[in-house]
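What follows is the content of target.txt (compact mmCIF, C-alpha atoms).
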# COMPACT_ATOMS: atom_id res chain seq x y z
CA MET A 1460 -3.42 -5.04 -23.19
CA ASP A 1461 0.26 -5.73 -23.67
CA LYS A 1462 1.54 -4.53 -20.33
CA ASN A 1463 0.85 -6.26 -17.03
CA ASN A 1464 1.17 -3.21 -14.84
CA ILE A 1465 -0.76 -2.77 -11.60
CA LEU A 1466 -1.53 0.91 -11.06
CA LEU A 1467 -2.60 1.79 -7.53
CA THR A 1468 -4.58 4.98 -7.12
CA GLY A 1469 -6.67 6.64 -4.47
CA PHE A 1470 -6.63 9.46 -1.99
CA MET A 1471 -3.59 9.96 0.22
CA GLY A 1472 -3.63 7.62 3.20
CA THR A 1473 -5.66 4.86 1.54
CA GLY A 1474 -2.67 2.50 1.63
CA LYS A 1475 -1.12 2.75 -1.83
CA THR A 1476 2.50 2.59 -0.65
CA THR A 1477 1.87 -0.18 1.89
CA ILE A 1478 -0.06 -2.28 -0.63
CA SER A 1479 2.55 -1.63 -3.31
CA HIS A 1480 5.31 -2.96 -1.04
CA GLU A 1481 3.34 -6.11 -0.26
CA LEU A 1482 2.35 -6.72 -3.89
CA HIS A 1483 6.03 -6.38 -4.82
CA ARG A 1484 6.94 -8.92 -2.15
CA ILE A 1485 4.30 -11.38 -3.39
CA THR A 1486 4.70 -10.98 -7.16
CA LYS A 1487 8.38 -9.93 -7.40
CA MET A 1488 7.25 -7.27 -9.90
CA GLU A 1489 9.24 -4.03 -9.92
CA GLU A 1490 7.73 -1.43 -7.60
CA ILE A 1491 7.74 2.30 -8.38
CA ASP A 1492 6.26 5.14 -6.33
CA LEU A 1493 5.35 8.06 -8.60
CA ASP A 1494 5.87 10.71 -5.93
CA ALA A 1495 9.26 9.23 -4.93
CA TYR A 1496 10.24 9.15 -8.62
CA ILE A 1497 9.38 12.85 -8.90
CA VAL A 1498 11.32 13.71 -5.73
CA GLU A 1499 14.38 11.87 -7.03
CA LYS A 1500 14.14 13.42 -10.48
CA MET A 1501 13.72 16.97 -9.13
CA ASN A 1502 16.03 16.50 -6.15
CA CYS A 1503 13.53 18.23 -3.87
CA SER A 1504 10.41 17.35 -1.89
CA ILE A 1505 6.84 17.44 -3.16
CA ASN A 1506 6.20 20.18 -0.57
CA ASP A 1507 9.02 22.27 -2.06
CA ILE A 1508 7.73 21.76 -5.60
CA PHE A 1509 4.23 22.87 -4.54
CA GLU A 1510 5.62 25.87 -2.62
CA LYS A 1511 8.14 27.08 -5.20
CA GLN A 1512 6.54 26.06 -8.49
CA GLY A 1513 2.84 25.59 -7.70
CA GLU A 1514 0.37 22.77 -8.18
CA THR A 1515 0.07 23.21 -11.97
CA PHE A 1516 3.82 22.76 -12.40
CA PHE A 1517 3.67 19.67 -10.19
CA ARG A 1518 0.74 18.16 -12.12
CA ASN A 1519 2.60 18.71 -15.44
CA LEU A 1520 5.69 17.07 -13.98
CA GLU A 1521 3.55 14.22 -12.67
CA THR A 1522 2.16 13.61 -16.18
CA ASP A 1523 5.64 13.64 -17.73
CA CYS A 1524 6.97 11.20 -15.13
CA LEU A 1525 3.94 8.95 -15.55
CA LYS A 1526 4.70 8.75 -19.29
CA GLU A 1527 8.33 7.80 -18.57
CA ILE A 1528 7.44 5.14 -16.01
CA LEU A 1529 4.68 3.54 -18.09
CA LYS A 1530 7.16 2.67 -20.82
CA LYS A 1531 8.06 -0.23 -18.53
CA LYS A 1532 6.31 -3.60 -18.30
CA ASN A 1533 5.32 -5.67 -15.28
CA ILE A 1534 5.48 -2.94 -12.66
CA ILE A 1535 3.47 -1.99 -9.62
CA LEU A 1536 3.03 1.78 -9.68
CA SER A 1537 1.79 3.65 -6.64
CA CYS A 1538 0.33 6.87 -8.06
CA GLY A 1539 -0.09 10.16 -6.25
CA GLY A 1540 -3.52 10.98 -4.90
CA GLY A 1541 -4.21 13.52 -7.65
CA THR A 1542 -2.83 11.61 -10.64
CA VAL A 1543 -6.29 10.58 -11.92
CA LEU A 1544 -7.57 14.17 -11.85
CA ARG A 1545 -6.23 14.61 -15.38
CA THR A 1546 -8.00 12.75 -18.16
CA LYS A 1547 -4.76 12.33 -20.13
CA ASN A 1548 -3.20 10.56 -17.13
CA VAL A 1549 -6.16 8.19 -16.86
CA ASP A 1550 -6.02 7.46 -20.61
CA LEU A 1551 -2.30 6.69 -20.33
CA MET A 1552 -2.89 4.49 -17.30
CA ARG A 1553 -5.73 2.56 -19.00
CA GLN A 1554 -3.51 1.86 -22.01
CA ASN A 1555 -0.74 0.52 -19.81
CA GLY A 1556 -2.20 -1.42 -16.92
CA LYS A 1557 -4.95 -2.28 -14.49
CA ILE A 1558 -6.12 0.64 -12.35
CA VAL A 1559 -6.83 -0.37 -8.75
CA LEU A 1560 -8.61 2.23 -6.64
CA LEU A 1561 -7.93 1.94 -2.92
CA THR A 1562 -10.55 3.63 -0.73
CA ALA A 1563 -10.90 4.48 2.94
CA GLU A 1564 -13.23 6.57 5.08
CA PRO A 1565 -12.15 10.14 5.97
CA GLN A 1566 -11.56 9.19 9.62
CA THR A 1567 -9.33 6.27 8.59
CA ILE A 1568 -7.36 8.54 6.26
CA TYR A 1569 -6.98 11.15 8.98
CA ASP A 1570 -5.77 8.53 11.46
CA ARG A 1571 -3.18 7.33 8.94
CA VAL A 1572 -1.83 10.75 7.84
CA ARG A 1573 -2.31 13.07 10.81
CA ASN A 1574 1.34 12.89 11.91
CA HIS A 1575 2.78 13.43 8.43
CA THR A 1576 3.97 16.83 7.22
CA GLU A 1577 4.70 15.87 3.61
CA ARG A 1578 1.07 16.22 2.48
CA PRO A 1579 0.96 19.68 0.83
CA LEU A 1580 -2.79 19.69 0.32
CA LEU A 1581 -3.45 18.81 3.96
CA ASN A 1582 -0.69 20.69 5.78
CA GLN A 1583 -2.92 23.67 6.58
CA ASN A 1584 -6.12 21.60 6.80
CA MET A 1585 -5.28 18.45 8.74
CA ASN A 1586 -8.80 17.47 9.84
CA VAL A 1587 -11.47 14.91 8.99
CA GLU A 1588 -13.90 17.51 7.58
CA TYR A 1589 -11.40 18.85 5.04
CA ILE A 1590 -10.38 15.32 4.03
CA ALA A 1591 -14.06 14.42 3.50
CA GLU A 1592 -14.57 17.57 1.40
CA LEU A 1593 -11.53 16.88 -0.79
CA LEU A 1594 -12.51 13.21 -1.14
CA GLU A 1595 -15.99 14.24 -2.30
CA LYS A 1596 -14.51 16.58 -4.93
CA ARG A 1597 -12.29 13.81 -6.28
CA LYS A 1598 -14.71 10.90 -5.92
CA ASN A 1599 -16.00 10.88 -9.51
CA ALA A 1600 -12.50 11.02 -11.00
CA TYR A 1601 -11.35 8.12 -8.81
CA PHE A 1602 -14.35 5.90 -9.52
CA GLU A 1603 -14.46 6.63 -13.27
CA ALA A 1604 -10.77 5.72 -13.65
CA ALA A 1605 -10.91 2.48 -11.67
CA ASP A 1606 -10.92 -1.02 -13.14
CA MET A 1607 -11.56 -2.27 -9.62
CA ILE A 1608 -12.27 -0.75 -6.22
CA ILE A 1609 -10.82 -2.11 -2.99
CA CYS A 1610 -11.82 -0.75 0.44
CA THR A 1611 -8.88 -0.71 2.89
CA ASP A 1612 -10.74 0.28 6.08
CA GLY A 1613 -10.04 -2.12 8.95
CA ARG A 1614 -8.32 -4.69 6.74
CA ASN A 1615 -4.88 -6.18 6.81
CA THR A 1616 -2.42 -5.80 3.97
CA ALA A 1617 -2.32 -9.49 3.05
CA ASP A 1618 -6.12 -9.69 2.60
CA ILE A 1619 -6.17 -6.54 0.46
CA CYS A 1620 -3.37 -7.86 -1.79
CA GLN A 1621 -5.04 -11.25 -2.12
CA GLU A 1622 -8.28 -9.55 -3.21
CA ILE A 1623 -6.43 -7.39 -5.76
CA LEU A 1624 -4.61 -10.33 -7.30
CA MET A 1625 -7.77 -12.47 -7.40
CA LYS A 1626 -9.76 -9.70 -9.10
CA ILE A 1627 -6.99 -9.00 -11.62
CA GLU A 1628 -6.84 -12.66 -12.55
CA LYS A 1629 -10.62 -12.93 -12.80
CA ILE A 1630 -11.00 -9.77 -14.91
CA PHE A 1631 -7.81 -9.73 -16.98
CA GLY A 1632 -6.27 -13.18 -16.68
CA LYS A 1633 -3.08 -14.22 -14.96
CA ILE A 1634 -0.31 -11.65 -14.56

Could you render the structure as structure tokens?
Amino acid sequence: MDKNNILLTGFMGTGKTTISHELHRITKMEEIDLDAYIVEKMNCSINDIFEKQGETFFRNLETDCLKEILKKKNIILSCGGGTVLRTKNVDLMRQNGKIVLLTAEPQTIYDRVRNHTERPLLNQNMNVEYIAELLEKRKNAYFEAADMIICTDGRNTADICQEILMKIEKIFGKI
């Protein structure tokens, strides 16, 4: 592997953005948030893209932006919760970095996202049961894509980042 990218994936609310910020602070690697990149590129919110263009348009845009971003080296990329649902995205990610799956229980996710309105897939279904159902549907895609799995329930950011960096070094060598 010629690129030392750390690619954070997982369901919304598992801590991708928080962990990305801390990994950036620790490693000084460039940090990119895929959803923020899309928002900036399109000059509108993810909610607006979903509403006006639909999920298929958004997923195509997500793939195109992923290709652009992964031309870079030594980045920490926080991916959207649905990025790994497309095989071509996972293939691209595997070729260009280490895929770190962050997990959390449905209740934890709900507690973290319940006051947010920028979650298009949850806006009409903000409850633990729906989160559990959606997690179950996506579980195989998440686990099959992952090089490593890190549970974020009840843990502090520093411990999670330390575990990620230790596992990356053990599996892939020093960044």

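For Phe1470 (chain A), the non-local neighbours within 9 Å, defined as residues at least 5 positions apart in the same chain or in other chains and counting all atoms listed in the file, are Lys1475, Gly1539, Gly1540, Gly1541, Leu1560, Leu1561, Thr1562, Ala1563, Ile1568, Leu1593, Leu1594, Arg1597 and Tyr1601 of chain A.
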
Prev. selection, C-alpha atoms, output as a tab-separated table (two decimals), in the coordinates of the input:
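Printed below is out38.tsv as written:
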chain	number	residue	atom	x	y	z
A	1475	LYS	CA	-1.12	2.75	-1.83
A	1539	GLY	CA	-0.09	10.16	-6.25
A	1540	GLY	CA	-3.52	10.98	-4.90
A	1541	GLY	CA	-4.21	13.52	-7.65
A	1560	LEU	CA	-8.61	2.23	-6.64
A	1561	LEU	CA	-7.93	1.94	-2.92
A	1562	THR	CA	-10.55	3.63	-0.73
A	1563	ALA	CA	-10.90	4.48	2.94
A	1568	ILE	CA	-7.36	8.54	6.26
A	1593	LEU	CA	-11.53	16.88	-0.79
A	1594	LEU	CA	-12.51	13.21	-1.14
A	1597	ARG	CA	-12.29	13.81	-6.28
A	1601	TYR	CA	-11.35	8.12	-8.81

Query raised in the report: How many Å lie between CA of Met1488 (chain A) and CA of Gln1554 (chain A), rounded to one decimal?
Result: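 Here the two named atoms are 18.6 Å from each other.
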
Query raised in the report: Taking into account all atoms listed in the file, which residue in the set A:Glu1489, A:Asp1606, A:Glu1481, A:Glu1588 is nearest to Val1559 (chain A)?
Result: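 Ranking A:Glu1489, A:Asp1606, A:Glu1481, A:Glu1588 by distance to Val1559 (chain A), first place goes to A:Asp1606.
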
Contact residues around region 1630-1632 of chain A with only C-alpha atoms at 10 Å, ignoring same-chain residues under 6 positions, as a PDB file with C-alpha atoms, in the frame of the given file:
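Done, and the output landed in part00.pdb:
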ATOM      1  CA  MET A1460      -3.420  -5.040 -23.190  1.00  0.00           C
ATOM      2  CA  ASN A1463       0.850  -6.260 -17.030  1.00  0.00           C
ATOM      3  CA  LYS A1557      -4.950  -2.280 -14.490  1.00  0.00           C
ATOM      4  CA  ASP A1606     -10.920  -1.020 -13.140  1.00  0.00           C
ATOM      5  CA  MET A1607     -11.560  -2.270  -9.620  1.00  0.00           C
ATOM      6  CA  LEU A1624      -4.610 -10.330  -7.300  1.00  0.00           C
TER       7      LEU A1624
END

Query raised in the report: What does the distance between CA of Lys1596 (chain A) and CA of Leu1493 (chain A) come to in Å, to one decimal place?
Result: 21.9 Å

Query raised in the report: Near region 1525-1531 of chain A, within 9 Å and counting all atoms listed in the file, which residues show up once chain neighbours fewer than 3 positions away are dropped, as number ranges by chain?
Result: A: 1462, 1464, 1491, 1493, 1496, 1520-1522, 1534, 1536, 1538, 1542, 1548, 1551-1552, 1555-1556

Query raised in the report: In Å, with one decimal, what is the gap from CA of Val1549 (chain A) to CA of Asp1494 (chain A)?
Result: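 Between CA of Val1549 (chain A) and CA of Asp1494 (chain A) the gap works out to 16.4 Å.
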
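Each of A:Ile1535, A:Ala1604, A:Ile1627, A:Ile1590 was compared to Leu1466 (chain A) using only C-alpha atoms, and A:Ile1535 turns out to be the nearest.
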
Generate the coordinates of N, CA and C atoms for region 1537-1556 of chain A; report them as an mmCIF file, in the frame of the given file.
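Contents of result-v5.cif, as written:
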data_model
loop_
_atom_site.group_PDB
_atom_site.id
_atom_site.type_symbol
_atom_site.label_atom_id
_atom_site.label_comp_id
_atom_site.auth_asym_id
_atom_site.auth_seq_id
_atom_site.Cartn_x
_atom_site.Cartn_y
_atom_site.Cartn_z
ATOM 1 N N SER A 1537 2.600 2.953 -7.638
ATOM 2 C CA SER A 1537 1.790 3.650 -6.640
ATOM 3 C C SER A 1537 1.712 5.112 -7.089
ATOM 4 N N CYS A 1538 0.532 5.523 -7.519
ATOM 5 C CA CYS A 1538 0.330 6.870 -8.060
ATOM 6 C C CYS A 1538 0.017 7.860 -6.942
ATOM 7 N N GLY A 1539 0.285 9.119 -7.197
ATOM 8 C CA GLY A 1539 -0.090 10.160 -6.250
ATOM 9 C C GLY A 1539 -1.600 10.286 -6.188
ATOM 10 N N GLY A 1540 -2.085 10.863 -5.115
ATOM 11 C CA GLY A 1540 -3.520 10.980 -4.900
ATOM 12 C C GLY A 1540 -4.257 11.788 -5.950
ATOM 13 N N GLY A 1541 -3.560 12.686 -6.646
ATOM 14 C CA GLY A 1541 -4.210 13.520 -7.650
ATOM 15 C C GLY A 1541 -3.934 13.116 -9.086
ATOM 16 N N THR A 1542 -3.222 12.024 -9.289
ATOM 17 C CA THR A 1542 -2.830 11.610 -10.640
ATOM 18 C C THR A 1542 -4.034 11.442 -11.566
ATOM 19 N N VAL A 1543 -5.124 10.860 -11.067
ATOM 20 C CA VAL A 1543 -6.290 10.580 -11.920
ATOM 21 C C VAL A 1543 -7.157 11.812 -12.164
ATOM 22 N N LEU A 1544 -6.767 12.957 -11.630
ATOM 23 C CA LEU A 1544 -7.570 14.170 -11.850
ATOM 24 C C LEU A 1544 -7.415 14.699 -13.266
ATOM 25 N N ARG A 1545 -6.417 14.225 -13.978
ATOM 26 C CA ARG A 1545 -6.230 14.610 -15.380
ATOM 27 C C ARG A 1545 -6.635 13.464 -16.290
ATOM 28 N N THR A 1546 -7.514 13.762 -17.222
ATOM 29 C CA THR A 1546 -8.000 12.750 -18.160
ATOM 30 C C THR A 1546 -6.861 12.107 -18.933
ATOM 31 N N LYS A 1547 -5.875 12.903 -19.352
ATOM 32 C CA LYS A 1547 -4.760 12.330 -20.130
ATOM 33 C C LYS A 1547 -3.963 11.326 -19.302
ATOM 34 N N ASN A 1548 -3.883 11.531 -17.985
ATOM 35 C CA ASN A 1548 -3.200 10.560 -17.130
ATOM 36 C C ASN A 1548 -3.998 9.260 -17.079
ATOM 37 N N VAL A 1549 -5.304 9.375 -16.924
ATOM 38 C CA VAL A 1549 -6.160 8.190 -16.860
ATOM 39 C C VAL A 1549 -6.078 7.422 -18.180
ATOM 40 N N ASP A 1550 -6.127 8.116 -19.304
ATOM 41 C CA ASP A 1550 -6.020 7.460 -20.610
ATOM 42 C C ASP A 1550 -4.706 6.685 -20.719
ATOM 43 N N LEU A 1551 -3.629 7.319 -20.307
ATOM 44 C CA LEU A 1551 -2.300 6.690 -20.330
ATOM 45 C C LEU A 1551 -2.272 5.462 -19.417
ATOM 46 N N MET A 1552 -2.857 5.601 -18.243
ATOM 47 C CA MET A 1552 -2.890 4.490 -17.300
ATOM 48 C C MET A 1552 -3.710 3.324 -17.850
ATOM 49 N N ARG A 1553 -4.868 3.622 -18.449
ATOM 50 C CA ARG A 1553 -5.730 2.560 -19.000
ATOM 51 C C ARG A 1553 -5.020 1.787 -20.113
ATOM 52 N N GLN A 1554 -4.229 2.498 -20.899
ATOM 53 C CA GLN A 1554 -3.510 1.860 -22.010
ATOM 54 C C GLN A 1554 -2.365 0.967 -21.521
ATOM 55 N N ASN A 1555 -1.961 1.162 -20.267
ATOM 56 C CA ASN A 1555 -0.740 0.520 -19.810
ATOM 57 C C ASN A 1555 -0.870 -0.297 -18.535
ATOM 58 N N GLY A 1556 -2.083 -0.615 -18.120
ATOM 59 C CA GLY A 1556 -2.200 -1.420 -16.920
ATOM 60 C C GLY A 1556 -3.611 -1.530 -16.385
#
